[in-house]
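J.: Data file entry18.txt (compact mmCIF, C-alpha atoms and all ligand atoms) is appended below.
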# COMPACT_ATOMS: atom_id res chain seq x y z
CA MET A 1 0.00 0.00 0.00
CA MET A 2 1.34 3.41 -0.97
CA PRO A 3 1.56 5.83 1.95
CA THR A 4 -1.01 8.51 1.15
CA LEU A 5 -1.18 12.16 2.17
CA LEU A 6 -4.57 13.82 1.80
CA HIS A 7 -3.90 17.41 0.70
CA LEU A 8 -6.86 19.74 1.28
CA ASP A 9 -6.99 23.41 0.30
CA SER A 10 -9.77 25.89 0.98
CA ALA A 11 -8.25 29.25 0.03
CA ILE A 12 -9.39 31.12 -3.08
CA ALA A 13 -7.33 29.55 -5.87
CA ASP A 14 -4.84 32.33 -6.45
CA PRO A 15 -1.18 31.57 -7.23
CA ALA A 16 -0.23 34.05 -4.49
CA SER A 17 -2.22 32.14 -1.85
CA ARG A 18 0.10 31.65 1.11
CA SER A 19 -1.76 28.67 2.52
CA ARG A 20 -1.62 26.92 -0.87
CA ILE A 21 2.13 27.55 -1.10
CA LEU A 22 2.55 26.08 2.38
CA THR A 23 0.38 22.99 1.83
CA ALA A 24 2.21 22.37 -1.46
CA GLU A 25 5.51 22.59 0.41
CA CYS A 26 4.23 20.01 2.87
CA ALA A 27 3.26 17.71 -0.03
CA ARG A 28 6.75 18.24 -1.48
CA GLY A 29 8.23 17.11 1.85
CA TRP A 30 6.01 14.02 1.81
CA GLN A 31 7.00 13.15 -1.76
CA SER A 32 10.69 13.64 -0.94
CA ARG A 33 10.46 10.40 1.04
CA GLY A 34 10.18 8.21 -2.04
CA ALA A 35 8.37 7.60 -5.30
CA ASP A 36 5.74 5.50 -3.53
CA PHE A 37 4.67 8.42 -1.29
CA ASP A 38 1.38 9.40 -2.87
CA VAL A 39 -0.60 12.65 -2.54
CA VAL A 40 -4.37 12.86 -3.05
CA THR A 41 -5.61 16.43 -3.43
CA ARG A 42 -9.04 17.85 -2.77
CA ASP A 43 -9.71 21.48 -3.57
CA LEU A 44 -12.60 22.65 -1.42
CA HIS A 45 -12.65 26.05 -3.12
CA LEU A 46 -12.74 24.87 -6.74
CA ASP A 47 -14.95 21.89 -5.92
CA PRO A 48 -16.99 23.05 -2.91
CA PRO A 49 -19.01 20.46 -1.00
CA PRO A 50 -22.69 21.21 -0.42
CA HIS A 51 -24.06 22.23 2.94
CA LEU A 52 -25.89 19.63 4.98
CA ARG A 53 -29.43 19.13 3.72
CA GLU A 54 -30.87 17.12 6.59
CA ARG A 55 -30.12 16.96 10.28
CA SER A 56 -29.91 13.18 9.97
CA GLN A 57 -26.66 13.55 7.99
CA HIS A 58 -24.93 14.41 11.24
CA TRP A 59 -25.76 11.00 12.71
CA PRO A 60 -25.07 7.33 12.01
CA GLU A 61 -27.97 5.39 10.52
CA ARG A 62 -28.94 3.83 13.87
CA LEU A 63 -29.56 7.33 15.35
CA ARG A 64 -31.42 8.87 12.39
CA GLU A 65 -34.97 8.26 13.65
CA GLY A 66 -36.22 7.31 10.20
CA GLU A 67 -35.46 10.66 8.53
CA PRO A 68 -34.86 10.19 4.79
CA LEU A 69 -31.47 10.99 3.25
CA ASP A 70 -30.79 12.79 0.02
CA GLU A 71 -29.05 10.09 -2.07
CA ALA A 72 -26.52 12.31 -3.83
CA THR A 73 -25.42 14.05 -0.63
CA ASP A 74 -25.28 10.71 1.18
CA ALA A 75 -23.01 9.30 -1.55
CA LEU A 76 -20.73 12.34 -1.39
CA GLN A 77 -20.58 12.15 2.40
CA ARG A 78 -19.53 8.49 2.18
CA GLU A 79 -16.92 9.37 -0.46
CA LEU A 80 -15.40 12.17 1.65
CA ILE A 81 -15.26 9.97 4.76
CA ALA A 82 -13.70 7.10 2.76
CA GLU A 83 -11.10 9.49 1.34
CA LEU A 84 -10.14 10.61 4.84
CA LEU A 85 -10.08 7.01 6.06
CA ALA A 86 -7.75 6.04 3.22
CA ALA A 87 -5.22 8.75 4.15
CA ASP A 88 -2.20 8.00 6.32
CA ALA A 89 -1.84 11.71 7.12
CA VAL A 90 -3.67 14.95 6.29
CA VAL A 91 -2.56 18.48 5.48
CA LEU A 92 -5.24 21.14 5.53
CA GLY A 93 -4.94 24.70 4.22
CA ALA A 94 -7.18 26.95 6.33
CA PRO A 95 -6.95 30.70 5.74
CA MET A 96 -8.81 33.06 8.06
CA TYR A 97 -11.87 34.46 6.30
CA ASN A 98 -13.83 36.92 8.41
CA TYR A 99 -12.49 35.55 11.68
CA ALA A 100 -13.40 31.97 10.83
CA VAL A 101 -12.56 29.02 8.55
CA PRO A 102 -13.74 29.42 4.92
CA SER A 103 -17.33 28.28 4.49
CA THR A 104 -16.21 25.60 1.99
CA LEU A 105 -14.04 24.03 4.66
CA LYS A 106 -16.87 24.24 7.18
CA ALA A 107 -19.18 22.44 4.72
CA TRP A 108 -16.57 19.65 4.39
CA ILE A 109 -16.25 19.42 8.19
CA ASP A 110 -20.03 19.16 8.56
CA LEU A 111 -20.01 16.19 6.17
CA VAL A 112 -17.05 14.24 7.61
CA HIS A 113 -17.70 14.76 11.32
CA VAL A 114 -20.33 12.16 12.11
CA PRO A 115 -20.49 11.27 15.83
CA GLY A 116 -20.64 7.50 16.20
CA ILE A 117 -18.95 6.99 12.80
CA THR A 118 -15.87 9.22 12.61
CA ALA A 119 -15.83 10.49 16.21
CA ALA A 120 -16.83 9.22 19.61
CA PHE A 121 -20.43 9.65 20.75
CA ASP A 122 -22.25 6.90 22.62
CA THR A 123 -19.43 4.55 21.56
CA PRO A 124 -15.66 5.26 21.67
CA THR A 125 -15.46 5.23 17.85
CA GLN A 126 -12.36 7.04 16.53
CA PRO A 127 -11.22 5.44 13.26
CA PHE A 128 -8.64 8.20 12.61
CA ALA A 129 -7.06 7.95 16.08
CA GLY A 130 -3.27 8.21 16.11
CA ARG A 131 -2.94 9.52 12.55
CA SER A 132 -1.38 12.91 12.02
CA ALA A 133 -2.85 16.16 10.72
CA LEU A 134 -1.10 19.40 9.81
CA ILE A 135 -3.26 22.51 10.00
CA VAL A 136 -1.82 25.31 7.88
CA THR A 137 -3.43 28.61 8.75
CA THR A 138 -2.86 32.06 7.28
CA GLN A 139 -4.22 35.41 8.32
CA GLY A 140 -3.76 38.88 6.93
CA GLY A 141 -3.49 40.62 10.30
CA GLY A 142 -0.72 40.50 12.85
CA PRO A 143 -0.51 38.25 15.91
CA ASP A 144 -3.31 38.66 18.42
CA PRO A 145 -3.78 36.32 21.40
CA VAL A 146 -7.56 36.10 20.87
CA ILE A 147 -7.93 36.29 17.07
CA ASP A 148 -5.06 33.85 16.37
CA ALA A 149 -7.15 30.98 17.76
CA PHE A 150 -10.32 31.61 15.71
CA VAL A 151 -9.25 29.19 12.96
CA SER A 152 -6.77 26.94 14.75
CA ALA A 153 -8.84 26.25 17.90
CA PRO A 154 -11.91 24.67 16.24
CA LEU A 155 -9.67 22.66 13.91
CA ARG A 156 -7.54 21.42 16.80
CA GLN A 157 -10.74 20.42 18.59
CA LEU A 158 -12.14 18.61 15.56
CA PHE A 159 -9.01 16.79 14.38
CA GLY A 160 -7.49 16.28 17.84
CA GLY A 161 -10.42 15.98 20.25
CA GLY A 162 -13.05 14.61 17.85
CA PHE A 163 -10.96 12.44 15.54
CA GLY A 164 -8.16 11.66 18.01
CA MET A 165 -5.46 12.72 15.55
CA GLU A 166 -2.02 14.11 16.38
CA VAL A 167 -2.37 17.76 15.39
CA THR A 168 0.37 20.21 14.43
CA VAL A 169 -0.34 23.82 13.50
CA VAL A 170 1.78 25.94 11.17
CA ALA A 171 0.70 29.59 11.04
CA ALA A 172 1.67 32.50 8.82
CA ARG A 173 0.29 35.81 9.95
CA ARG A 174 0.74 39.36 8.63
CA THR A 175 0.16 38.11 5.04
CA LEU A 176 -1.38 41.48 4.10
CA VAL A 177 1.95 43.17 4.78
CA ASP A 178 2.29 44.29 1.14
CA ARG A 179 -0.79 46.47 1.63
CA ILE A 180 -0.19 47.30 5.30
CA PRO A 181 3.59 47.62 5.80
CA SER A 182 3.12 48.58 9.45
CA LEU A 183 2.38 44.88 10.10
CA GLY A 184 6.15 44.40 9.88
CA VAL A 185 7.86 43.36 6.65
CA VAL A 186 10.77 41.58 8.34
CA GLU A 187 8.53 39.76 10.83
CA ALA A 188 6.14 38.69 8.06
CA GLU A 189 8.97 37.29 5.94
CA GLY A 190 10.53 35.55 8.92
CA GLU A 191 7.28 33.93 9.94
CA PHE A 192 6.54 32.77 6.40
CA GLU A 193 10.03 31.28 5.99
CA ALA A 194 9.62 29.43 9.29
CA ALA A 195 6.19 28.18 8.17
CA LEU A 196 7.64 26.96 4.87
CA SER A 197 10.35 24.92 6.55
CA GLY A 198 7.92 23.69 9.21
CA ALA A 199 5.48 22.48 6.54
CA PHE A 200 8.22 20.72 4.52
CA GLU A 201 9.70 19.14 7.65
CA TRP A 202 6.34 17.84 8.81
CA GLY A 203 5.71 16.24 5.41
CA ALA A 204 9.20 14.74 5.33
CA THR A 205 9.11 13.23 8.81
CA VAL A 206 5.53 12.71 10.03
CA PRO A 207 4.72 9.11 10.99
CA VAL A 208 2.83 7.18 8.30
CA GLY A 209 -0.53 6.00 9.61
CA GLY A 210 -1.13 5.65 13.36
CA VAL A 211 1.48 6.59 15.96
C1 LIG B 301 -12.93 36.91 2.36
C2 LIG B 301 -11.70 37.24 3.16
C3 LIG B 301 -11.83 37.50 4.51
C4 LIG B 301 -10.70 37.77 5.28
N1 LIG B 301 -10.84 37.94 6.62
C5 LIG B 301 -9.74 38.13 7.40
C6 LIG B 301 -9.84 38.23 8.81
O1 LIG B 301 -10.91 38.14 9.38
N2 LIG B 301 -8.72 38.43 9.53
C7 LIG B 301 -7.48 38.50 8.95
O2 LIG B 301 -6.47 38.65 9.65
N3 LIG B 301 -7.34 38.39 7.59
C8 LIG B 301 -8.44 38.21 6.81
N4 LIG B 301 -8.31 38.07 5.45
C9 LIG B 301 -6.96 38.03 4.88
C10 LIG B 301 -6.53 36.58 4.68
O3 LIG B 301 -6.61 35.86 5.88
C11 LIG B 301 -5.11 36.53 4.14
O4 LIG B 301 -5.05 37.21 2.91
C12 LIG B 301 -4.63 35.11 4.01
O5 LIG B 301 -3.28 35.13 3.57
C13 LIG B 301 -5.51 34.32 3.03
O6 LIG B 301 -4.96 33.04 2.81
P1 LIG B 301 -4.21 32.74 1.45
O7 LIG B 301 -2.95 33.59 1.44
O8 LIG B 301 -3.93 31.30 1.48
O9 LIG B 301 -5.12 33.12 0.32
C14 LIG B 301 -9.43 37.82 4.66
C15 LIG B 301 -9.32 37.60 3.29
C16 LIG B 301 -10.44 37.30 2.54
C17 LIG B 301 -10.29 37.03 1.07
Rewrite the structure of this file - the entire thing - as structure tokens.
T.:
Amino acid sequence: MMPTLLHLDSAIADPASRSRILTAECARGWQSRGADFDVVTRDLHLDPPPHLRERSQHWPERLREGEPLDEATDALQRELIAELLAADAVVLGAPMYNYAVPSTLKAWIDLVHVPGITAAFDTPTQPFAGRSALIVTTQGGGPDPVIDAFVSAPLRQLFGGGFGMEVTVVAARRTLVDRIPSLGVVEAEGEFEAALSGAFEWGATVPVGGV
């Protein structure tokens, strides 16, 4: 079996996107380990998942209380969960959009987080436990002890607490420094360089599968 990295992006698909540069660097690190190190990409911006249609989609079949499921959304939900299950590790690009994760990423989360199937609920189910996830987050503004956590905290909770994965966060802030130089040109460059090497290093060394 080829070791597989699931590479997710959710930023607007712009060549200047910092989070996309960083997730690509992580994938480069992963592929530096050998020709059999495979990368599966899913672009949540170019191919956005739909929002949940029914409340029952948040629950395993045994807890759905007979509510009907939309077939197409059900099939997509199964596909997204299977894709995550097939991955030995995950890198996720998560820019800050209006103090939150992009809505495309949130739609994906709402489909893959199913208590009792992909996370613990009334049973200790955690099929992703022990696998590793890298959260790459970017924000235009400078460091702020409250705002910095708006993207990373819910993702840490979901991937770490919910899925039981080993979570690492790489952050690049001040990305709007070209427009707002007072954010600190030197600091912005330094933080981005550190994020680049952190992302590559994670890809090149992260344990394959469960730890
Ligand atoms: C729709 C939108 C909303 C944004 N909201 C915020 C914000 O709330 N706080 C912030 O610091 N930067 C904000 N920014 C700036 C982005 O976080 C910044 O440009 C970041 O680098 C985007 O990720 P990317 O470089 O991968 O595209 C926003 C940008 C966009 C396009």
J.: Which residue, A:Leu183, A:Ala100, A:Leu46, A:Ala149, has the smallest gap to ligand LIG 301 (chain B) when you use all atoms listed in the file?
T.: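 Of A:Leu183, A:Ala100, A:Leu46, A:Ala149, the one nearest ligand LIG 301 (chain B), counting all atoms listed in the file, is A:Ala100.
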J.: How would you report the residues lying within 8 Å of ligand LIG 301 (chain B), as a ChimeraX atom specification, if you count only C-alpha atoms and all ligand atoms?
T.: /A:10-14,16-21,93-100,102,137-142,147,172-176
J.: Check the smallest atom-to-atom distance from each of A:Pro143, A:Gly184, A:Gly164, A:Pro154 to Gln126 (chain A) using all atoms listed in the file, then report the winner.
T.: A:Gly164
J.: Report as a list in words all protein, DNA and RNA residues lying within 12 Å of Asp36 (chain A), evaluated on only C-alpha atoms, omitting residues in the same chain fewer than 3 positions from it.
T.: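 Near neighbours after the sequence-gap exclusion: Met1, Met2, Pro3, Thr4, Leu5, Trp30, Gln31, Ser32, Arg33 and Val39 of chain A.
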J.: For Leu158 (chain A), which residue out of A:Ile117, A:Ile109, A:Ala199, A:Ala129 is the nearest one, using all atoms listed in the file?
T.: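 With all atoms listed in the file as the atom set, the closest residue is A:Ile109.
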J.: As an exercise, work out the distance from CA of Val185 (chain A) to CA of Leu22 (chain A) in Å and give it to one decimal place.
T.: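 Atom-to-atom, CA of Val185 (chain A) to CA of Leu22 (chain A), that is 18.6 Å.
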J.: Which residue, A:Thr168, A:Gln57, A:Gln77, A:Thr104, has the smallest gap to Leu8 (chain A) when you use only C-alpha atoms?
T.: A:Thr104
J.: Here is a test: counting all atoms listed in the file, which residue of A:Gly161, A:Pro15, A:Gly29, A:Pro68 is nearest to Pro115 (chain A)?
T.: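 Smallest distance to Pro115 (chain A) is found for A:Gly161.
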J.: Measuring between only C-alpha atoms, which one of A:Phe200, A:Phe121, A:Phe163, A:Phe37 shows the shortest distance to Leu6 (chain A)?
T.: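 Ranking A:Phe200, A:Phe121, A:Phe163, A:Phe37 by distance to Leu6 (chain A), first place goes to A:Phe37.
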J.: As an exercise, work out the distance from CA of Val151 (chain A) to CA of His7 (chain A) in Å and give it to one decimal place.
T.: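 Separation between CA of Val151 (chain A) and CA of His7 (chain A): 17.8 Å.
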J.: What does the distance from CA of Ser132 (chain A) to CA of Arg156 (chain A) come to in Å, to one decimal?
T.: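 Separation of CA of Ser132 (chain A) and CA of Arg156 (chain A): 11.5 Å.
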J.: Against region 78-92 of chain A, which residues of region 111-165 of chain A fall within 7 Å? For each one I want the closest pair of atoms and the distance in Å (one decimal), counting all atoms listed in the file, rows by chain and increasing residue number, as CSV.
T.:
residue,atom,partner,partner_atom,distance
A:Val112,CA,A:Ile81,CA,5.4
A:Phe128,CA,A:Leu85,CA,6.8
A:Arg131,CA,A:Ala89,CA,6.0
A:Ser132,CA,A:Ala89,CA,5.1
A:Ala133,CA,A:Val90,CA,4.7
A:Leu134,CA,A:Val91,CA,4.7
A:Ile135,CA,A:Leu92,CA,5.1
A:Val136,CA,A:Leu92,CA,5.9
J.: Give me, as a short mmCIF file (atom, residue, chain, number, x, y, z; two decimals) with C-alpha atoms, in the coordinates of the input, all polymer residues having an atom no more than 10 Å from Pro60 (chain A), counting all atoms listed in the file and skipping those fewer than 2 positions away in the same chain.
T.:
data_model
loop_
_atom_site.label_atom_id
_atom_site.label_comp_id
_atom_site.auth_asym_id
_atom_site.auth_seq_id
_atom_site.Cartn_x
_atom_site.Cartn_y
_atom_site.Cartn_z
CA SER A 56 -29.91 13.18 9.97
CA GLN A 57 -26.66 13.55 7.99
CA HIS A 58 -24.93 14.41 11.24
CA ARG A 62 -28.94 3.83 13.87
CA LEU A 63 -29.56 7.33 15.35
CA ARG A 64 -31.42 8.87 12.39
CA VAL A 114 -20.33 12.16 12.11
CA PRO A 115 -20.49 11.27 15.83
CA GLY A 116 -20.64 7.50 16.20
CA ILE A 117 -18.95 6.99 12.80
CA THR A 118 -15.87 9.22 12.61
#
J.: If you count all atoms listed in the file, which residues fall within 6 Å of Gly130 (chain A), apart from same-chain ones fewer than 3 positions away, as a list in words?
T.: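 Answer for this query is Met165, Gly210 and Val211 of chain A.
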J.: Taking the point (-7.2, 20.7, -3.0) as given in the file, collect each protein or nucleic acid residue that comes within 7 Å of it, counting only C-alpha atoms, and present the set as a compact mmCIF listing (two decimals) with C-alpha atoms, in the frame of the given file.
T.:
# COMPACT_ATOMS: atom_id res chain seq x y z
CA HIS A 7 -3.90 17.41 0.70
CA LEU A 8 -6.86 19.74 1.28
CA ASP A 9 -6.99 23.41 0.30
CA THR A 41 -5.61 16.43 -3.43
CA ARG A 42 -9.04 17.85 -2.77
CA ASP A 43 -9.71 21.48 -3.57
CA LEU A 44 -12.60 22.65 -1.42
J.: Output as a JSON list (two decimals), keeping the file's coordinate frame: region 133-144 of chain A, completed with all heavy atoms.
T.:
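Result file follows (part-v2.json):
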[["chain", "number", "residue", "atom", "x", "y", "z"],
["A", 133, "ALA", "N", -2.27, 15.11, 11.54],
["A", 133, "ALA", "CA", -2.85, 16.16, 10.72],
["A", 133, "ALA", "C", -2.03, 17.44, 10.89],
["A", 133, "ALA", "O", -1.67, 17.80, 12.02],
["A", 133, "ALA", "CB", -4.30, 16.42, 11.13],
["A", 134, "LEU", "N", -1.74, 18.08, 9.76],
["A", 134, "LEU", "CA", -1.10, 19.40, 9.81],
["A", 134, "LEU", "C", -2.12, 20.44, 9.40],
["A", 134, "LEU", "O", -2.69, 20.38, 8.31],
["A", 134, "LEU", "CB", 0.10, 19.47, 8.86],
["A", 134, "LEU", "CG", 0.80, 20.84, 8.82],
["A", 134, "LEU", "CD1", 1.51, 21.12, 10.15],
["A", 134, "LEU", "CD2", 1.80, 20.92, 7.67],
["A", 135, "ILE", "N", -2.38, 21.39, 10.30],
["A", 135, "ILE", "CA", -3.26, 22.51, 10.00],
["A", 135, "ILE", "C", -2.37, 23.68, 9.59],
["A", 135, "ILE", "O", -1.52, 24.12, 10.37],
["A", 135, "ILE", "CB", -4.06, 22.95, 11.26],
["A", 135, "ILE", "CG1", -4.74, 21.77, 11.96],
["A", 135, "ILE", "CG2", -5.02, 24.07, 10.94],
["A", 135, "ILE", "CD1", -5.78, 21.07, 11.20],
["A", 136, "VAL", "N", -2.57, 24.15, 8.37],
["A", 136, "VAL", "CA", -1.82, 25.31, 7.88],
["A", 136, "VAL", "C", -2.78, 26.49, 7.87],
["A", 136, "VAL", "O", -3.77, 26.48, 7.14],
["A", 136, "VAL", "CB", -1.30, 25.07, 6.45],
["A", 136, "VAL", "CG1", -0.75, 26.36, 5.86],
["A", 136, "VAL", "CG2", -0.22, 23.98, 6.45],
["A", 137, "THR", "N", -2.51, 27.48, 8.71],
["A", 137, "THR", "CA", -3.43, 28.61, 8.75],
["A", 137, "THR", "C", -2.72, 29.92, 8.42],
["A", 137, "THR", "O", -1.56, 30.12, 8.79],
["A", 137, "THR", "CB", -4.21, 28.67, 10.09],
["A", 137, "THR", "OG1", -5.05, 29.81, 10.08],
["A", 137, "THR", "CG2", -3.31, 28.72, 11.28],
["A", 138, "THR", "N", -3.42, 30.76, 7.68],
["A", 138, "THR", "CA", -2.86, 32.06, 7.28],
["A", 138, "THR", "C", -3.85, 33.14, 7.69],
["A", 138, "THR", "O", -5.06, 32.91, 7.69],
["A", 138, "THR", "CB", -2.68, 32.12, 5.75],
["A", 138, "THR", "OG1", -3.87, 31.65, 5.12],
["A", 138, "THR", "CG2", -1.50, 31.26, 5.30],
["A", 139, "GLN", "N", -3.32, 34.29, 8.03],
["A", 139, "GLN", "CA", -4.22, 35.41, 8.32],
["A", 139, "GLN", "C", -3.52, 36.70, 7.92],
["A", 139, "GLN", "O", -2.29, 36.82, 8.02],
["A", 139, "GLN", "CB", -4.65, 35.43, 9.79],
["A", 139, "GLN", "CG", -3.60, 35.84, 10.78],
["A", 139, "GLN", "CD", -3.99, 35.50, 12.21],
["A", 139, "GLN", "OE1", -4.39, 34.37, 12.53],
["A", 139, "GLN", "NE2", -3.87, 36.46, 13.10],
["A", 140, "GLY", "N", -4.32, 37.63, 7.41],
["A", 140, "GLY", "CA", -3.76, 38.88, 6.93],
["A", 140, "GLY", "C", -3.20, 39.75, 8.04],
["A", 140, "GLY", "O", -2.17, 40.40, 7.88],
["A", 141, "GLY", "N", -3.88, 39.76, 9.19],
["A", 141, "GLY", "CA", -3.49, 40.62, 10.30],
["A", 141, "GLY", "C", -2.31, 40.07, 11.09],
["A", 141, "GLY", "O", -1.87, 38.94, 10.88],
["A", 142, "GLY", "N", -1.85, 40.89, 12.01],
["A", 142, "GLY", "CA", -0.72, 40.50, 12.85],
["A", 142, "GLY", "C", -1.16, 39.61, 14.00],
["A", 142, "GLY", "O", -2.36, 39.35, 14.17],
["A", 143, "PRO", "N", -0.18, 39.13, 14.79],
["A", 143, "PRO", "CA", -0.51, 38.25, 15.91],
["A", 143, "PRO", "C", -1.44, 38.93, 16.91],
["A", 143, "PRO", "O", -1.28, 40.12, 17.19],
["A", 143, "PRO", "CB", 0.85, 37.97, 16.56],
["A", 143, "PRO", "CG", 1.88, 38.46, 15.60],
["A", 143, "PRO", "CD", 1.24, 39.43, 14.68],
["A", 144, "ASP", "N", -2.38, 38.16, 17.40],
["A", 144, "ASP", "CA", -3.31, 38.66, 18.42],
["A", 144, "ASP", "C", -3.73, 37.45, 19.25],
["A", 144, "ASP", "O", -4.18, 36.45, 18.69],
["A", 144, "ASP", "CB", -4.54, 39.29, 17.75],
["A", 144, "ASP", "CG", -5.56, 39.78, 18.77],
["A", 144, "ASP", "OD1", -6.25, 38.94, 19.39],
["A", 144, "ASP", "OD2", -5.65, 41.01, 18.95]]
